[in-house]
file structure06.cif (mmCIF, C-alpha atoms and all ligand atoms)
data_work
loop_
_atom_site.group_PDB
_atom_site.id
_atom_site.type_symbol
_atom_site.label_atom_id
_atom_site.label_comp_id
_atom_site.auth_asym_id
_atom_site.auth_seq_id
_atom_site.Cartn_x
_atom_site.Cartn_y
_atom_site.Cartn_z
ATOM 1 C CA MET A 1 9.276 13.238 -1.706
ATOM 2 C CA PRO A 2 11.996 15.915 -2.119
ATOM 3 C CA ARG A 3 13.589 16.093 -5.503
ATOM 4 C CA SER A 4 16.467 18.304 -6.681
ATOM 5 C CA LYS A 5 15.773 20.663 -9.556
ATOM 6 C CA SER A 6 18.262 19.074 -11.919
ATOM 7 C CA LYS A 7 16.956 15.617 -11.235
ATOM 8 C CA GLY A 8 13.433 16.734 -11.958
ATOM 9 C CA ARG A 9 14.522 18.271 -15.208
ATOM 10 C CA ASP A 10 16.326 15.126 -16.254
ATOM 11 C CA ARG A 11 13.258 13.163 -15.538
ATOM 12 C CA THR A 12 11.170 15.492 -17.670
ATOM 13 C CA ASN A 13 13.594 15.203 -20.553
ATOM 14 C CA ASP A 14 13.558 11.474 -20.202
ATOM 15 C CA LEU A 15 9.793 11.468 -20.336
ATOM 16 C CA GLN A 16 9.745 13.747 -23.348
ATOM 17 C CA ASN A 17 12.137 11.442 -25.124
ATOM 18 C CA LYS A 18 9.963 8.496 -24.313
ATOM 19 C CA ILE A 19 6.902 10.270 -25.635
ATOM 20 C CA LYS A 20 8.809 11.188 -28.751
ATOM 21 C CA ILE A 21 9.853 7.597 -29.338
ATOM 22 C CA ARG A 22 6.309 6.494 -28.669
ATOM 23 C CA ARG A 23 4.936 8.966 -31.177
ATOM 24 C CA GLN A 24 7.423 7.791 -33.771
ATOM 25 C CA SER A 25 6.620 4.157 -33.247
ATOM 26 C CA ARG A 26 2.931 4.943 -33.205
ATOM 27 C CA SER A 27 3.148 6.571 -36.605
ATOM 28 C CA LYS A 28 4.517 3.261 -37.848
ATOM 29 C CA SER A 29 1.633 1.289 -36.436
ATOM 30 C CA PRO A 30 -1.392 3.004 -37.906
ATOM 31 C CA SER A 31 -4.909 2.904 -36.534
ATOM 32 C CA LYS A 32 -7.324 0.208 -37.599
ATOM 33 C CA ARG A 33 -8.831 2.242 -40.383
ATOM 34 C CA GLN A 34 -5.440 3.177 -41.750
ATOM 35 C CA SER A 35 -4.313 -0.412 -41.453
ATOM 36 C CA SER A 36 -7.274 -1.460 -43.509
ATOM 37 C CA SER A 37 -6.462 0.819 -46.447
ATOM 38 C CA PHE A 38 -2.828 -0.113 -46.020
ATOM 39 C CA TYR A 39 -3.899 -3.713 -46.274
ATOM 40 C CA HIS A 40 -5.640 -3.114 -49.579
ATOM 41 C CA GLN A 41 -2.530 -1.357 -50.807
ATOM 42 C CA ILE A 42 -0.438 -4.409 -50.048
ATOM 43 C CA ASP A 43 -3.023 -6.674 -51.674
ATOM 44 C CA SER A 44 -1.923 -5.483 -55.081
ATOM 45 C CA ASP A 45 -3.874 -8.079 -57.057
ATOM 46 C CA GLY A 46 -7.050 -7.397 -55.072
ATOM 47 C CA SER A 47 -7.571 -11.041 -54.156
ATOM 48 C CA GLY A 48 -8.548 -10.074 -50.620
ATOM 49 C CA THR A 49 -5.600 -11.868 -49.087
ATOM 50 C CA ILE A 50 -1.941 -11.027 -48.879
ATOM 51 C CA SER A 51 0.248 -13.659 -50.426
ATOM 52 C CA PHE A 52 3.891 -14.248 -49.703
ATOM 53 C CA ASN A 53 4.901 -12.277 -52.797
ATOM 54 C CA GLU A 54 2.701 -9.339 -51.870
ATOM 55 C CA LEU A 55 4.047 -9.269 -48.333
ATOM 56 C CA CYS A 56 7.566 -9.459 -49.712
ATOM 57 C CA GLN A 57 6.935 -6.570 -52.085
ATOM 58 C CA ALA A 58 5.295 -4.457 -49.409
ATOM 59 C CA LEU A 59 8.045 -4.946 -46.872
ATOM 60 C CA LYS A 60 10.717 -4.177 -49.410
ATOM 61 C CA SER A 61 9.002 -1.113 -50.792
ATOM 62 C CA LEU A 62 8.345 0.239 -47.298
ATOM 63 C CA SER A 63 11.853 -0.731 -46.224
ATOM 64 C CA TYR A 64 10.531 -1.783 -42.873
ATOM 65 C CA LYS A 65 13.270 -3.016 -40.662
ATOM 66 C CA SER A 66 13.389 -6.731 -40.182
ATOM 67 C CA PRO A 67 13.446 -8.109 -36.625
ATOM 68 C CA LYS A 68 17.221 -8.231 -36.865
ATOM 69 C CA GLY A 69 17.339 -4.518 -37.643
ATOM 70 C CA GLU A 70 18.245 -5.013 -41.257
ATOM 71 C CA VAL A 71 16.312 -3.498 -44.097
ATOM 72 C CA ASP A 72 17.297 -6.392 -46.275
ATOM 73 C CA TRP A 73 14.437 -8.878 -46.086
ATOM 74 C CA ASN A 74 15.245 -12.397 -47.027
ATOM 75 C CA ASP A 75 12.595 -14.978 -47.809
ATOM 76 C CA ASP A 76 13.004 -16.773 -44.511
ATOM 77 C CA VAL A 77 12.201 -13.661 -42.516
ATOM 78 C CA VAL A 78 9.148 -12.909 -44.640
ATOM 79 C CA TRP A 79 7.959 -16.492 -44.337
ATOM 80 C CA GLU A 80 8.405 -16.329 -40.596
ATOM 81 C CA MET A 81 6.343 -13.186 -40.465
ATOM 82 C CA LEU A 82 3.650 -14.605 -42.712
ATOM 83 C CA ASP A 83 3.604 -17.767 -40.679
ATOM 84 C CA ALA A 84 3.239 -15.825 -37.444
ATOM 85 C CA ALA A 85 0.378 -13.754 -38.839
ATOM 86 C CA ASP A 86 -1.336 -16.611 -40.647
ATOM 87 C CA ALA A 87 -3.625 -17.781 -37.885
ATOM 88 C CA ASP A 88 -5.710 -20.173 -39.996
ATOM 89 C CA GLY A 89 -2.685 -21.601 -41.804
ATOM 90 C CA ASP A 90 -3.849 -21.128 -45.403
ATOM 91 C CA GLY A 91 -0.515 -19.595 -46.375
ATOM 92 C CA GLU A 92 -1.943 -16.117 -46.963
ATOM 93 C CA ILE A 93 -2.855 -13.238 -44.693
ATOM 94 C CA ASN A 94 -6.484 -12.156 -44.691
ATOM 95 C CA GLU A 95 -7.651 -8.817 -43.373
ATOM 96 C CA ALA A 96 -8.358 -10.012 -39.834
ATOM 97 C CA GLU A 97 -4.980 -11.674 -39.627
ATOM 98 C CA PHE A 98 -3.324 -8.554 -40.967
ATOM 99 C CA LEU A 99 -5.020 -6.323 -38.407
ATOM 100 C CA ASN A 100 -3.960 -8.680 -35.652
ATOM 101 C CA MET A 101 -0.427 -8.461 -36.930
ATOM 102 C CA MET A 102 -0.509 -4.670 -36.911
ATOM 103 C CA VAL A 103 -1.738 -4.315 -33.350
ATOM 104 C CA ARG A 104 0.752 -6.797 -32.003
HETATM 105 CA CA CA A 201 -3.473 -10.713 -53.007
HETATM 106 CA CA CA A 202 -4.560 -17.043 -43.315
#

call {"tool": "encode", "arguments": {"input": "structure06.cif", "output": "structure tokens"}}
result
Amino acid sequence: MPRSKSKGRDRTNDLQNKIKIRRQSRSKSPSKRQSSSFYHQIDSDGSGTISFNELCQALKSLSYKSPKGEVDWNDDVVWEMLDAADADGDGEINEAEFLNMMVR
């Protein structure tokens, strides 16, 4: 399929941008091992599960953007997130649930 030079270049730039964005987003979703140590960081009281307060603290200290693109986390958003991650419904996030959340 014939392709003009400029078009090919545009396409390459586009691809490079996509890779760049991918790399950036990948650095925000760490590998399993990193997630695990990250998990223990969030579990500040060492209980082995992440409570609502711990999740709240972690999100605020990391200033992760909320789904609405705001850095300002309100309780509802954190609850929603905890609820979505809390597969067994005990109100806290255990390590397996956390890892599932990270790979999503
Ligand atoms: Ca805890
Ligand atoms: Ca749970």

call {"tool": "residues_near_ligand", "arguments": {"input": "structure06.cif", "ligand": "ligand CA 201 (chain A)", "cutoff": "7 Å", "atoms": "all atoms listed in the file", "output": "list in words"}}
result
Asp43, Ser44, Asp45, Gly46, Ser47, Gly48, Thr49, Ile50, Ser51 and Glu54 of chain A

call {"tool": "atom_distance", "arguments": {"input": "structure06.cif", "atom1": "atom CA of Leu62 of chain A", "atom2": "atom CA of Gln16 of chain A"}}
result
27.5 Å

call {"tool": "residues_around", "arguments": {"input": "structure06.cif", "residues": "Ile42 of chain A", "least_positions_apart": "6", "cutoff": "12 Å", "atoms": "all atoms listed in the file", "output": "JSON, numbers by chain"}}
result
{"A": [35, 36, 48, 49, 50, 51, 52, 53, 54, 55, 56, 57, 58, 59, 60, 61, 62, 93, 94, 95, 98]}

call {"tool": "write_last_selection", "arguments": {"input": "structure06.cif", "atoms": "C-alpha atoms", "output": "short mmCIF file (atom, residue, chain, number, x, y, z; two decimals), in the coordinates of the input"}}
result
data_model
loop_
_atom_site.label_atom_id
_atom_site.label_comp_id
_atom_site.auth_asym_id
_atom_site.auth_seq_id
_atom_site.Cartn_x
_atom_site.Cartn_y
_atom_site.Cartn_z
CA SER A 35 -4.31 -0.41 -41.45
CA SER A 36 -7.27 -1.46 -43.51
CA GLY A 48 -8.55 -10.07 -50.62
CA THR A 49 -5.60 -11.87 -49.09
CA ILE A 50 -1.94 -11.03 -48.88
CA SER A 51 0.25 -13.66 -50.43
CA PHE A 52 3.89 -14.25 -49.70
CA ASN A 53 4.90 -12.28 -52.80
CA GLU A 54 2.70 -9.34 -51.87
CA LEU A 55 4.05 -9.27 -48.33
CA CYS A 56 7.57 -9.46 -49.71
CA GLN A 57 6.94 -6.57 -52.08
CA ALA A 58 5.30 -4.46 -49.41
CA LEU A 59 8.04 -4.95 -46.87
CA LYS A 60 10.72 -4.18 -49.41
CA SER A 61 9.00 -1.11 -50.79
CA LEU A 62 8.35 0.24 -47.30
CA ILE A 93 -2.86 -13.24 -44.69
CA ASN A 94 -6.48 -12.16 -44.69
CA GLU A 95 -7.65 -8.82 -43.37
CA PHE A 98 -3.32 -8.55 -40.97
#

call {"tool": "resolve_selection", "arguments": {"input": "structure06.cif", "expression": "the PyMOL selection byres (((not hetatm)) within 7 of (chain A and resi 202))", "output": "number ranges by chain"}}
result
A: 86-94, 97

call {"tool": "atom_distance", "arguments": {"input": "structure06.cif", "atom1": "atom CA of Phe38 of chain A", "atom2": "atom CA of Lys18 of chain A"}}
result
26.6 Å

call {"tool": "atom_distance", "arguments": {"input": "structure06.cif", "atom1": "atom CA of Tyr39 of chain A", "atom2": "atom CA of Val78 of chain A"}}
result
16.0 Å

call {"tool": "residues_near_point", "arguments": {"input": "structure06.cif", "point": "(8.2, -14.8, -39.2)", "cutoff": "12 Å", "atoms": "all atoms listed in the file", "output": "list of chain:residue names"}}
result
A:Phe52, A:Leu55, A:Cys56, A:Ser66, A:Pro67, A:Lys68, A:Trp73, A:Asn74, A:Asp75, A:Asp76, A:Val77, A:Val78, A:Trp79, A:Glu80, A:Met81, A:Leu82, A:Asp83, A:Ala84, A:Ala85, A:Asp86, A:Met101
